[in-house]
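Pasting final-v8.tsv here (TSV, C-alpha atoms):
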chain	number	residue	atom	x	y	z
A	1070	MET	CA	-37.57	70.40	164.72
A	1071	THR	CA	-34.28	71.10	162.97
A	1072	SER	CA	-33.54	67.79	161.27
A	1073	VAL	CA	-35.11	64.63	159.96
A	1074	ARG	CA	-33.49	61.25	160.48
A	1075	ILE	CA	-32.79	58.56	157.91
A	1076	ALA	CA	-34.32	55.55	159.65
A	1077	GLY	CA	-33.67	52.95	156.94
A	1078	VAL	CA	-32.50	52.56	153.35
A	1079	GLY	CA	-32.70	49.80	150.79
A	1080	MET	CA	-32.03	49.18	147.12
A	1081	ILE	CA	-31.74	46.28	144.73
A	1082	PRO	CA	-29.01	45.85	142.10
A	1083	PHE	CA	-29.97	47.63	138.88
A	1084	CYS	CA	-30.14	45.72	135.60
A	1085	LYS	CA	-30.64	46.15	131.86
A	1086	PRO	CA	-34.16	46.32	130.40
A	1087	GLY	CA	-35.45	42.84	129.69
A	1088	LYS	CA	-33.61	41.29	132.63
A	1089	HIS	CA	-35.74	42.88	135.33
A	1090	GLN	CA	-38.65	41.77	137.46
A	1091	PRO	CA	-41.99	43.65	137.37
A	1092	TYR	CA	-41.79	47.10	138.99
A	1093	ARG	CA	-44.16	45.93	141.69
A	1094	VAL	CA	-41.74	43.19	142.73
A	1095	MET	CA	-38.63	45.39	142.54
A	1096	ALA	CA	-40.23	48.18	144.57
A	1097	ALA	CA	-41.58	45.85	147.24
A	1098	LYS	CA	-38.13	44.30	147.66
A	1099	ALA	CA	-36.51	47.72	148.14
A	1100	ILE	CA	-39.17	48.79	150.66
A	1101	LYS	CA	-38.75	45.58	152.66
A	1102	LEU	CA	-34.97	46.09	152.70
A	1103	ALA	CA	-35.45	49.62	154.05
A	1104	LEU	CA	-37.85	48.36	156.72
A	1105	ALA	CA	-35.39	45.64	157.75
A	1106	ASP	CA	-32.56	48.19	157.82
A	1107	ALA	CA	-34.61	50.43	160.11
A	1108	GLY	CA	-35.88	47.57	162.26
A	1109	LEU	CA	-39.47	48.69	161.71
A	1110	GLU	CA	-42.71	47.05	160.68
A	1111	ALA	CA	-44.66	48.49	157.76
A	1112	LYS	CA	-47.50	49.50	160.08
A	1113	TRP	CA	-45.37	52.37	161.42
A	1114	ILE	CA	-45.22	54.12	158.04
A	1115	GLN	CA	-47.80	56.91	158.06
A	1116	GLN	CA	-47.37	58.28	154.52
A	1117	ALA	CA	-45.64	57.03	151.38
A	1118	TYR	CA	-44.40	58.76	148.23
A	1119	GLY	CA	-43.72	56.57	145.19
A	1120	ALA	CA	-41.59	57.93	142.32
A	1121	TYR	CA	-41.57	56.77	138.69
A	1122	ILE	CA	-42.11	58.36	135.28
A	1123	TYR	CA	-42.96	55.43	132.99
A	1124	GLY	CA	-46.17	53.81	134.17
A	1125	ASP	CA	-49.87	54.11	134.78
A	1126	SER	CA	-51.39	56.23	137.51
A	1127	THR	CA	-51.41	54.67	141.01
A	1128	SER	CA	-48.48	52.39	140.22
A	1129	ALA	CA	-47.09	53.44	143.61
A	1130	GLN	CA	-50.13	51.95	145.33
A	1131	HIS	CA	-49.82	48.76	143.32
A	1132	ALA	CA	-46.20	48.39	144.45
A	1133	PHE	CA	-46.77	49.31	148.10
A	1134	TYR	CA	-49.73	46.94	148.45
A	1135	ASP	CA	-47.35	44.00	148.16
A	1136	VAL	CA	-45.76	45.22	151.39
A	1137	CYS	CA	-48.75	46.49	153.34
A	1138	GLN	CA	-52.34	47.61	152.79
A	1139	SER	CA	-52.85	49.85	155.80
A	1140	GLY	CA	-54.92	52.59	154.18
A	1141	ILE	CA	-52.24	55.28	154.49
A	1142	PRO	CA	-51.92	58.17	152.01
A	1143	ILE	CA	-49.78	57.16	149.02
A	1144	ILE	CA	-48.72	59.90	146.62
A	1145	ASN	CA	-47.45	59.19	143.10
A	1146	VAL	CA	-44.50	61.44	142.14
A	1147	ASN	CA	-43.32	62.28	138.60
A	1148	ASN	CA	-40.70	65.02	138.34
A	1149	ASN	CA	-38.62	63.59	135.51
A	1150	CYS	CA	-35.13	62.43	136.50
A	1151	SER	CA	-35.38	64.15	139.90
A	1152	SER	CA	-38.48	62.11	140.83
A	1153	GLY	CA	-36.79	60.00	143.50
A	1154	SER	CA	-35.35	63.00	145.34
A	1155	THR	CA	-38.66	64.82	144.95
A	1156	ALA	CA	-40.35	61.94	146.77
A	1157	LEU	CA	-37.76	62.29	149.53
A	1158	PHE	CA	-38.27	66.06	149.56
A	1159	LEU	CA	-42.01	65.53	150.15
A	1160	ALA	CA	-41.51	62.83	152.78
A	1161	ARG	CA	-39.11	65.09	154.68
A	1162	GLN	CA	-41.58	67.98	154.50
A	1163	ALA	CA	-44.33	65.75	155.88
A	1164	VAL	CA	-42.18	64.90	158.90
A	1165	LEU	CA	-40.94	68.47	159.39
A	1166	SER	CA	-44.51	69.75	159.32
A	1167	GLY	CA	-45.45	67.50	162.22
A	1168	GLN	CA	-48.25	65.87	160.24
A	1169	VAL	CA	-46.50	62.50	160.48
A	1170	GLU	CA	-43.55	61.07	162.36
A	1171	CYS	CA	-42.52	58.37	159.90
A	1172	ALA	CA	-42.73	58.49	156.09
A	1173	LEU	CA	-41.49	56.42	153.19
A	1174	ALA	CA	-40.03	57.56	149.88
A	1175	PHE	CA	-39.54	54.86	147.28
A	1176	GLY	CA	-38.83	54.82	143.57
A	1177	PHE	CA	-38.78	52.32	140.74
A	1178	GLU	CA	-38.59	52.17	136.98
A	1179	GLU	CA	-39.08	49.67	134.19
A	1180	MET	CA	-37.26	51.24	131.27
A	1181	GLN	CA	-37.03	50.31	127.63
A	1182	PRO	CA	-33.80	49.95	125.63
A	1183	GLY	CA	-32.53	52.99	123.77
A	1184	ALA	CA	-32.78	56.74	124.22
A	1185	LEU	CA	-35.50	58.31	126.35
A	1186	GLY	CA	-38.56	59.49	124.50
A	1187	SER	CA	-42.06	60.82	125.03
A	1188	HIS	CA	-45.10	58.53	125.13
A	1189	TRP	CA	-47.45	61.46	124.45
A	1190	GLN	CA	-47.31	62.58	120.84
A	1191	ASP	CA	-50.80	64.11	120.76
A	1192	ARG	CA	-50.06	67.12	123.01
A	1193	GLU	CA	-47.43	69.75	123.74
A	1194	SER	CA	-44.17	68.59	125.27
A	1195	PRO	CA	-42.59	70.57	128.12
A	1196	PHE	CA	-39.29	70.12	126.28
A	1197	GLU	CA	-40.48	72.42	123.50
A	1198	ARG	CA	-39.08	75.28	125.57
A	1199	LEU	CA	-35.60	73.83	124.96
A	1200	ASP	CA	-35.81	74.07	121.18
A	1201	PRO	CA	-34.99	77.79	120.74
A	1202	VAL	CA	-31.79	77.68	122.80
A	1203	LEU	CA	-30.65	74.44	121.16
A	1204	GLN	CA	-31.33	75.89	117.72
A	1205	GLN	CA	-29.54	79.13	118.62
A	1206	PHE	CA	-26.42	77.12	119.44
A	1207	ASN	CA	-26.77	74.92	116.34
A	1208	ALA	CA	-27.33	71.70	118.25
A	1209	PRO	CA	-27.74	68.75	115.86
A	1210	GLN	CA	-31.03	66.87	115.96
A	1211	GLY	CA	-31.43	63.82	118.20
A	1212	PRO	CA	-33.32	62.43	121.19
A	1213	ILE	CA	-34.05	65.27	123.61
A	1214	ALA	CA	-31.80	64.27	126.53
A	1215	LEU	CA	-28.89	63.44	124.21
A	1216	ARG	CA	-29.41	66.69	122.34
A	1217	ALA	CA	-29.64	68.86	125.47
A	1218	PHE	CA	-26.68	67.43	127.37
A	1219	GLY	CA	-24.66	67.06	124.16
A	1220	ALA	CA	-25.20	70.73	123.35
A	1221	ALA	CA	-24.27	71.71	126.90
A	1222	GLY	CA	-21.02	69.76	126.64
A	1223	ARG	CA	-20.19	71.30	123.26
A	1224	HIS	CA	-20.85	74.81	124.58
A	1225	TYR	CA	-18.69	74.11	127.65
A	1226	MET	CA	-15.80	72.98	125.46
A	1227	ASP	CA	-16.11	76.07	123.24
A	1228	LYS	CA	-16.51	78.47	126.14
A	1229	TYR	CA	-13.54	77.24	128.17
A	1230	HIS	CA	-11.34	75.92	125.33
A	1231	VAL	CA	-11.11	72.35	126.60
A	1232	GLY	CA	-11.37	69.02	124.80
A	1233	ALA	CA	-13.69	66.04	125.16
A	1234	ASP	CA	-10.92	64.23	127.04
A	1235	ILE	CA	-12.15	65.80	130.29
A	1236	PHE	CA	-15.49	64.03	129.84
A	1237	ALA	CA	-13.68	60.77	129.09
A	1238	LYS	CA	-11.56	61.11	132.24
A	1239	VAL	CA	-14.73	61.53	134.30
A	1240	ALA	CA	-16.16	58.33	132.78
A	1241	GLU	CA	-12.93	56.46	133.62
A	1242	LYS	CA	-13.10	57.72	137.21
A	1243	SER	CA	-16.72	56.64	137.59
A	1244	ARG	CA	-16.01	53.13	136.33
A	1245	ARG	CA	-12.97	52.86	138.61
A	1246	HIS	CA	-15.22	53.64	141.58
A	1247	ALA	CA	-17.85	51.15	140.43
A	1248	ILE	CA	-15.41	48.24	140.61
A	1249	ASN	CA	-15.94	48.20	144.38
A	1250	ASN	CA	-19.74	48.50	144.22
A	1251	PRO	CA	-21.63	45.17	144.18
A	1252	TYR	CA	-24.79	47.09	143.22
A	1253	SER	CA	-23.28	48.57	140.06
A	1254	MET	CA	-24.42	47.30	136.68
A	1255	PHE	CA	-20.98	47.89	135.12
A	1256	SER	CA	-17.79	47.04	136.99
A	1257	THR	CA	-15.11	46.37	134.38
A	1258	PRO	CA	-12.28	48.95	134.27
A	1259	LEU	CA	-12.06	51.53	131.48
A	1260	THR	CA	-9.31	53.81	130.26
A	1261	TYR	CA	-10.17	57.32	129.16
A	1262	GLN	CA	-8.80	56.46	125.73
A	1263	GLN	CA	-11.34	53.61	125.46
A	1264	VAL	CA	-14.06	56.14	126.23
A	1265	LEU	CA	-12.81	58.52	123.56
A	1266	ASP	CA	-12.50	55.72	121.01
A	1267	ASP	CA	-15.97	54.30	121.62
A	1268	LYS	CA	-18.87	54.79	119.22
A	1269	VAL	CA	-19.73	58.47	118.76
A	1270	ILE	CA	-23.42	59.07	119.42
A	1271	TYR	CA	-23.69	62.86	119.17
A	1272	ASP	CA	-21.99	65.91	117.65
A	1273	ASN	CA	-18.70	64.24	116.72
A	1274	TYR	CA	-17.47	64.11	120.31
A	1275	LEU	CA	-19.96	62.46	122.71
A	1276	THR	CA	-19.38	58.71	122.83
A	1277	ARG	CA	-21.56	55.92	124.11
A	1278	LEU	CA	-19.39	55.56	127.24
A	1279	MET	CA	-20.06	59.20	128.15
A	1280	ALA	CA	-23.80	58.44	128.53
A	1281	CYS	CA	-25.55	56.41	131.21
A	1282	PRO	CA	-27.55	53.35	130.15
A	1283	PRO	CA	-31.32	52.82	130.46
A	1284	THR	CA	-31.76	50.72	133.57
A	1285	CYS	CA	-34.41	49.03	135.71
A	1286	GLY	CA	-34.45	48.93	139.49
A	1287	ALA	CA	-35.82	50.26	142.77
A	1288	ALA	CA	-34.72	51.95	146.00
A	1289	ALA	CA	-36.42	53.12	149.19
A	1290	VAL	CA	-35.72	55.44	152.13
A	1291	ILE	CA	-37.60	55.75	155.43
A	1292	VAL	CA	-37.42	59.10	157.25
A	1293	CYS	CA	-38.64	59.91	160.73
A	1294	SER	CA	-38.61	62.54	163.44
A	1295	GLU	CA	-36.01	62.55	166.20
A	1296	ALA	CA	-38.75	61.79	168.72
A	1297	PHE	CA	-39.90	58.76	166.70
A	1298	ALA	CA	-36.32	57.49	166.49
A	1299	ARG	CA	-35.90	57.73	170.27
A	1300	GLN	CA	-39.29	56.16	170.97
A	1301	HIS	CA	-38.54	53.14	168.79
A	1302	GLY	CA	-34.88	52.80	169.70
A	1303	LEU	CA	-33.68	53.35	166.14
A	1304	SER	CA	-29.95	53.69	165.47
A	1305	SER	CA	-30.58	56.49	162.98
A	1306	GLN	CA	-27.52	58.68	163.32
A	1307	VAL	CA	-27.75	60.04	159.76
A	1308	LYS	CA	-29.69	63.30	159.48
A	1309	ILE	CA	-30.95	65.40	156.59
A	1310	LEU	CA	-29.34	68.67	157.62
A	1311	ALA	CA	-30.71	70.75	154.75
A	1312	GLN	CA	-32.55	70.25	151.48
A	1313	ALA	CA	-33.68	72.51	148.67
A	1314	MET	CA	-35.53	72.19	145.39
A	1315	ALA	CA	-35.28	74.67	142.53
A	1316	THR	CA	-36.73	74.90	139.03
A	1317	ASP	CA	-35.82	76.71	135.83
A	1318	THR	CA	-35.53	80.47	135.44
A	1319	GLU	CA	-35.52	82.44	132.19
A	1320	LEU	CA	-31.75	81.93	131.98
A	1321	SER	CA	-32.42	78.25	131.25
A	1322	TRP	CA	-33.68	79.20	127.78
A	1323	GLN	CA	-30.66	81.34	126.90
A	1324	ASP	CA	-27.69	79.01	127.39
A	1325	PRO	CA	-27.43	75.21	126.86
A	1326	ILE	CA	-25.40	74.81	130.07
A	1327	TYR	CA	-28.22	76.40	132.05
A	1328	ALA	CA	-30.85	74.50	130.06
A	1329	VAL	CA	-29.57	71.26	131.62
A	1330	GLY	CA	-29.74	72.63	135.15
A	1331	LYS	CA	-26.69	74.68	136.07
A	1332	GLY	CA	-28.66	77.69	137.30
A	1333	MET	CA	-31.18	75.80	139.38
A	1334	SER	CA	-28.40	73.57	140.75
A	1335	GLN	CA	-26.50	76.68	141.87
A	1336	GLN	CA	-29.64	78.09	143.47
A	1337	ALA	CA	-30.51	74.92	145.37
A	1338	ALA	CA	-26.93	74.26	146.48
A	1339	GLN	CA	-26.49	77.81	147.77
A	1340	GLN	CA	-29.69	77.53	149.78
A	1341	VAL	CA	-28.53	74.24	151.29
A	1342	TYR	CA	-25.13	75.68	152.25
A	1343	GLU	CA	-26.75	78.72	153.84
A	1344	ASP	CA	-29.38	76.71	155.71
A	1345	ALA	CA	-26.79	74.28	157.11
A	1346	GLY	CA	-24.10	76.90	157.75
A	1347	VAL	CA	-21.46	75.06	155.71
A	1348	SER	CA	-19.38	75.69	152.62
A	1349	PRO	CA	-18.56	73.33	149.75
A	1350	ASN	CA	-15.11	72.85	151.31
A	1351	ASP	CA	-16.73	71.07	154.26
A	1352	ILE	CA	-18.19	68.26	152.15
A	1353	ASP	CA	-16.56	64.81	152.19
A	1354	VAL	CA	-18.52	62.71	149.70
A	1355	ILE	CA	-20.89	63.56	146.85
A	1356	GLU	CA	-23.34	61.72	144.62
A	1357	LEU	CA	-24.36	63.90	141.69
A	1358	HIS	CA	-26.45	63.53	138.55
A	1359	ASP	CA	-23.97	62.24	135.97
A	1360	CYS	CA	-26.48	61.08	133.37
A	1361	PHE	CA	-23.92	62.29	130.80
A	1362	THR	CA	-20.34	63.02	131.79
A	1363	PRO	CA	-20.62	66.63	130.49
A	1364	ASN	CA	-23.27	67.15	133.16
A	1365	GLU	CA	-20.92	65.93	135.89
A	1366	VAL	CA	-18.35	68.49	134.75
A	1367	ILE	CA	-20.94	71.26	134.65
A	1368	THR	CA	-22.21	70.27	138.10
A	1369	TYR	CA	-18.75	70.53	139.70
A	1370	GLU	CA	-18.98	74.26	139.08
A	1371	ALA	CA	-22.69	74.57	139.86
A	1372	LEU	CA	-22.15	73.06	143.32
A	1373	GLY	CA	-19.20	75.35	143.98
A	1374	LEU	CA	-16.64	72.54	144.08
A	1375	CYS	CA	-14.30	74.41	141.73
A	1376	PRO	CA	-14.22	77.85	140.05
A	1377	GLU	CA	-16.04	78.68	136.83
A	1378	GLY	CA	-14.09	77.12	133.99
A	1379	GLY	CA	-11.90	75.29	136.49
A	1380	ALA	CA	-13.22	71.76	135.99
A	1381	ALA	CA	-10.36	70.63	133.74
A	1382	GLN	CA	-7.78	71.50	136.41
A	1383	PHE	CA	-10.02	70.04	139.12
A	1384	ILE	CA	-10.09	66.73	137.21
A	1385	ALA	CA	-6.36	66.81	136.41
A	1386	ASP	CA	-5.57	67.32	140.12
A	1387	GLY	CA	-7.66	64.27	141.08
A	1388	ASP	CA	-9.93	66.36	143.28
A	1389	ASN	CA	-12.97	64.31	142.26
A	1390	THR	CA	-11.74	60.97	143.61
A	1391	TYR	CA	-10.11	59.21	146.55
A	1392	GLY	CA	-7.10	61.14	147.81
A	1393	GLY	CA	-8.40	64.44	146.43
A	1394	ARG	CA	-10.61	67.17	147.87
A	1395	TYR	CA	-13.83	65.21	147.38
A	1396	VAL	CA	-14.90	61.70	146.50
A	1397	ILE	CA	-17.53	62.21	143.81
A	1398	GLY	CA	-19.71	59.31	142.76
A	1399	PRO	CA	-18.19	56.56	144.92
A	1400	SER	CA	-21.01	54.29	143.75
A	1401	GLY	CA	-19.87	54.65	140.15
A	1402	GLY	CA	-22.72	57.10	139.63
A	1403	LEU	CA	-25.46	56.87	137.05
A	1404	MET	CA	-22.76	56.16	134.47
A	1405	SER	CA	-21.86	52.79	135.97
A	1406	LYS	CA	-24.56	51.93	138.47
A	1407	GLY	CA	-27.35	52.82	136.07
A	1408	HIS	CA	-30.25	55.25	136.04
A	1409	PRO	CA	-33.71	53.73	136.65
A	1410	ILE	CA	-35.25	57.17	136.80
A	1411	GLY	CA	-37.69	56.95	139.71
A	1412	ALA	CA	-35.15	55.09	141.83
A	1413	THR	CA	-32.05	57.18	141.12
A	1414	GLY	CA	-32.40	59.88	143.78
A	1415	LEU	CA	-33.19	57.32	146.46
A	1416	ALA	CA	-30.27	55.13	145.41
A	1417	GLN	CA	-28.02	58.18	145.81
A	1418	CYS	CA	-29.41	58.73	149.31
A	1419	THR	CA	-28.83	55.06	150.14
A	1420	GLU	CA	-25.20	55.20	148.98
A	1421	LEU	CA	-24.44	58.33	151.00
A	1422	THR	CA	-26.16	56.93	154.08
A	1423	TRP	CA	-23.91	53.87	153.91
A	1424	HIS	CA	-20.82	56.09	153.77
A	1425	LEU	CA	-21.91	58.18	156.75
A	1426	ARG	CA	-22.58	54.98	158.71
A	1427	GLY	CA	-19.24	53.46	157.67
A	1428	GLN	CA	-21.01	50.64	155.79
A	1429	ALA	CA	-19.76	51.22	152.23
A	1430	GLY	CA	-17.23	48.40	152.13
A	1431	HIS	CA	-14.18	48.76	149.90
A	1432	ARG	CA	-15.44	52.07	148.50
A	1433	GLN	CA	-15.83	53.64	151.97
A	1434	VAL	CA	-14.83	57.30	152.20
A	1435	ASP	CA	-12.77	57.55	155.39
A	1436	ASN	CA	-14.24	59.58	158.24
A	1437	ALA	CA	-17.16	60.84	156.14
A	1438	LYS	CA	-19.21	63.34	158.16
A	1439	LEU	CA	-20.97	65.45	155.52
A	1440	ALA	CA	-22.45	64.11	152.28
A	1441	LEU	CA	-24.04	66.06	149.43
A	1442	GLN	CA	-26.59	64.77	146.92
A	1443	HIS	CA	-27.57	66.36	143.60
A	1444	ASN	CA	-30.43	65.01	141.44
A	1445	VAL	CA	-31.68	66.96	138.41
A	1446	GLY	CA	-34.36	66.47	135.79
A	1447	LEU	CA	-34.91	68.31	132.51
A	1448	GLY	CA	-38.04	70.31	132.27
A	1449	GLY	CA	-37.13	70.85	135.09
A	1450	ALA	CA	-36.31	70.44	138.74
A	1451	VAL	CA	-33.29	69.83	140.92
A	1452	VAL	CA	-33.07	68.64	144.50
A	1453	VAL	CA	-29.88	69.15	146.53
A	1454	THR	CA	-29.65	67.46	149.92
A	1455	LEU	CA	-27.04	67.61	152.68
A	1456	TYR	CA	-26.67	64.67	155.05
A	1457	GLY	CA	-24.60	64.52	158.22
A	1458	VAL	CA	-23.88	62.58	161.39

Let me see whether you can do it: turn the structure in this file into structure tokens.
Amino acid sequence: MTSVRIAGVGMIPFCKPGKHQPYRVMAAKAIKLALADAGLEAKWIQQAYGAYIYGDSTSAQHAFYDVCQSGIPIINVNNNCSSGSTALFLARQAVLSGQVECALAFGFEEMQPGALGSHWQDRESPFERLDPVLQQFNAPQGPIALRAFGAAGRHYMDKYHVGADIFAKVAEKSRRHAINNPYSMFSTPLTYQQVLDDKVIYDNYLTRLMACPPTCGAAAVIVCSEAFARQHGLSSQVKILAQAMATDTELSWQDPIYAVGKGMSQQAAQQVYEDAGVSPNDIDVIELHDCFTPNEVITYEALGLCPEGGAAQFIADGDNTYGGRYVIGPSGGLMSKGHPIGATGLAQCTELTWHLRGQAGHRQVDNAKLALQHNVGLGGAVVVTLYGV
């Protein structure tokens, strides 16, 4: 078997903490939407992988039981911000292995207001490995994600002699895309000057509008074998053509840009391009992990979309939006749509599937044939996935 099919996708609109339903309800809704999209009954799912990072053990079972209690294996997945794509990675592997013909990946999150933090103060944190590199580059203190991505952005500016305006222009682009997305939490237009003038939250340059908000929500994806799709008459033209996961190397602890995932993103993307026999120039539409706009800029280069140090020109030329070389973040990305951690990777998959099917409405990328997804988590792991029709 050379490819796995996307049988069905589903997601619910994301919302601010305090305005959400229980994770069990959100997840069940997303799963039912994916089942309806596929035209399948829950009984056909043979394995399920549920992604989240804030919650008790077996929360995935608790959510899935509202849909079906068929006794299938259900695996709980926590891989930080790449949890949703990790669930998809595992579901795809299960189908590729021949162990099952139809698997479900779903993700959900109930988040709290404010910056991300640890709930485990009585033991070592995996983020302790970040401290030496952040200290070496004189990163101010702050919440770990803000500190890591803020330091990466500062180092990028110093290294390539660019200003914070490039990060503001990315935020403006993302919000402009979100205007056409009914699933996006934020849809009011922004100017890059508004982004620059907003409240500074880190290191005298990173503003609140350069950081994604804490969000609650859920998304689900059903994958199946080609034989299963034929047997059940599924109109599942979207395929996962290649997928790769990578984790940190020693370089991650020597440079803030690599500490937030540049190296492992490069490694995973290169493997995907080689496995699929494509180059970055072949890609039409991209959803990447823009939890902070500095990370979107860093990821342009990590995915090979522009040369090293070439992001400023790439942005100035409009090559990250409609009419340019790529449409990046047509959903509005994490910056506008929101980032309910367990759901994020599966929401990205859902968005790209809609584009490849021609179902993305006013934000549709014309004649989209190849779509690339990038989902990274500190600590760390990245999953890069290529979809095609």

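Between atom CA of Val1453 of chain A and atom CA of Ala1298 of chain A the separation is 24.0 Å.
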
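For the pair atom CA of Ala1214 of chain A and atom CA of Ala1337 of chain A, the interatomic distance is 21.7 Å.
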
Gap from atom CA of Gly1119 of chain A to atom CA of Asn1145 of chain A - Å, one decimal = 5.0 Å

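Proximity ranking of A:Asn1249, A:Gln1115, A:Ser1194, A:Thr1284 relative to Ala1172 of chain A places A:Gln1115 first, based on only C-alpha atoms.
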
Using only C-alpha atoms, can you list as a PyMOL selection string the residues within 10 Å of (-40.2, 61.2, 153.6)?
-> chain A and resi 1073-1075+1114-1118+1154-1165+1169-1175+1289-1293

Would you kindly return, as a PyMOL selection string, each protein, DNA or RNA residue with an atom no farther than 7 Å from any atom of segment 1087-1102 of chain A, considering all atoms listed in the file and excluding same-chain residues fewer than 6 positions away?
-> chain A and resi 1078-1081+1131-1133+1135-1136+1175-1179+1285-1289

Which is closer to Lys1238 of chain A than all the others in A:Gln1323, A:Ser1334, A:Pro1212, A:Glu1365, using only C-alpha atoms?
-> A:Glu1365

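Closest to Glu1343 of chain A among A:Met1254, A:Ala1440, A:Leu1455, A:Leu1275 is A:Leu1455, based on only C-alpha atoms.
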
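Remark: for Glu1241 of chain A, the closest of the candidate residues A:Ala1120, A:Ala1315, A:Leu1259, A:Leu1109 is A:Leu1259 (distances computed over all atoms listed in the file).
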
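Across A:Pro1349, A:Gly1373, A:Pro1325, A:Pro1283, the tightest approach to Lys1406 of chain A is made by A:Pro1283 when counting all atoms listed in the file.
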
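Of the listed residues (A:Leu1374, A:Ala1338, A:Leu1310, A:Ala1208), A:Leu1310 comes nearest to Gly1457 of chain A; the distances count all atoms listed in the file.
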
Point (-47.2, 46.2, 158.2) neighbourhood (7 Å, all atoms listed in the file) written as a PyMOL selection string | chain A and resi 1110-1112+1137

The centre and edge lengths of an axis-aligned box containing all atoms of segment 1210-1219 of chain A present in the file, extended by 3 Å on each side, are to be given in Å to one decimal, as AutoDock Vina command-line options.
--center_x -29.4 --center_y 65.6 --center_z 121.7 --size_x 15.4 --size_y 12.4 --size_z 17.4

Can you tell me, as a ChimeraX atom specification, what residues are no more than 9 Å from segment 1417-1433 of chain A when counting all atoms listed in the file, ignoring any on the same chain fewer than 4 positions away?
-> /A:1075,1077-1080,1154,1246-1250,1288-1290,1306-1307,1354-1357,1398-1400,1402,1412-1413,1437-1444,1454,1456-1458

Surrounding residues of Pro1376 of chain A excluding itself and chain neighbours under 6 positions, 12 Å, all atoms listed in the file, as a list of chain:residue names = A:Tyr1229, A:Pro1349, A:Val1366, A:Ile1367, A:Thr1368, A:Tyr1369, A:Glu1370, A:Gln1382, A:Phe1383

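By only C-alpha atoms, and with residues fewer than 6 positions from Gln1339 of chain A along its chain excluded, the set lying at most 9 Å from it is Ala1313, Ser1348, Leu1372 and Gly1373 of chain A.
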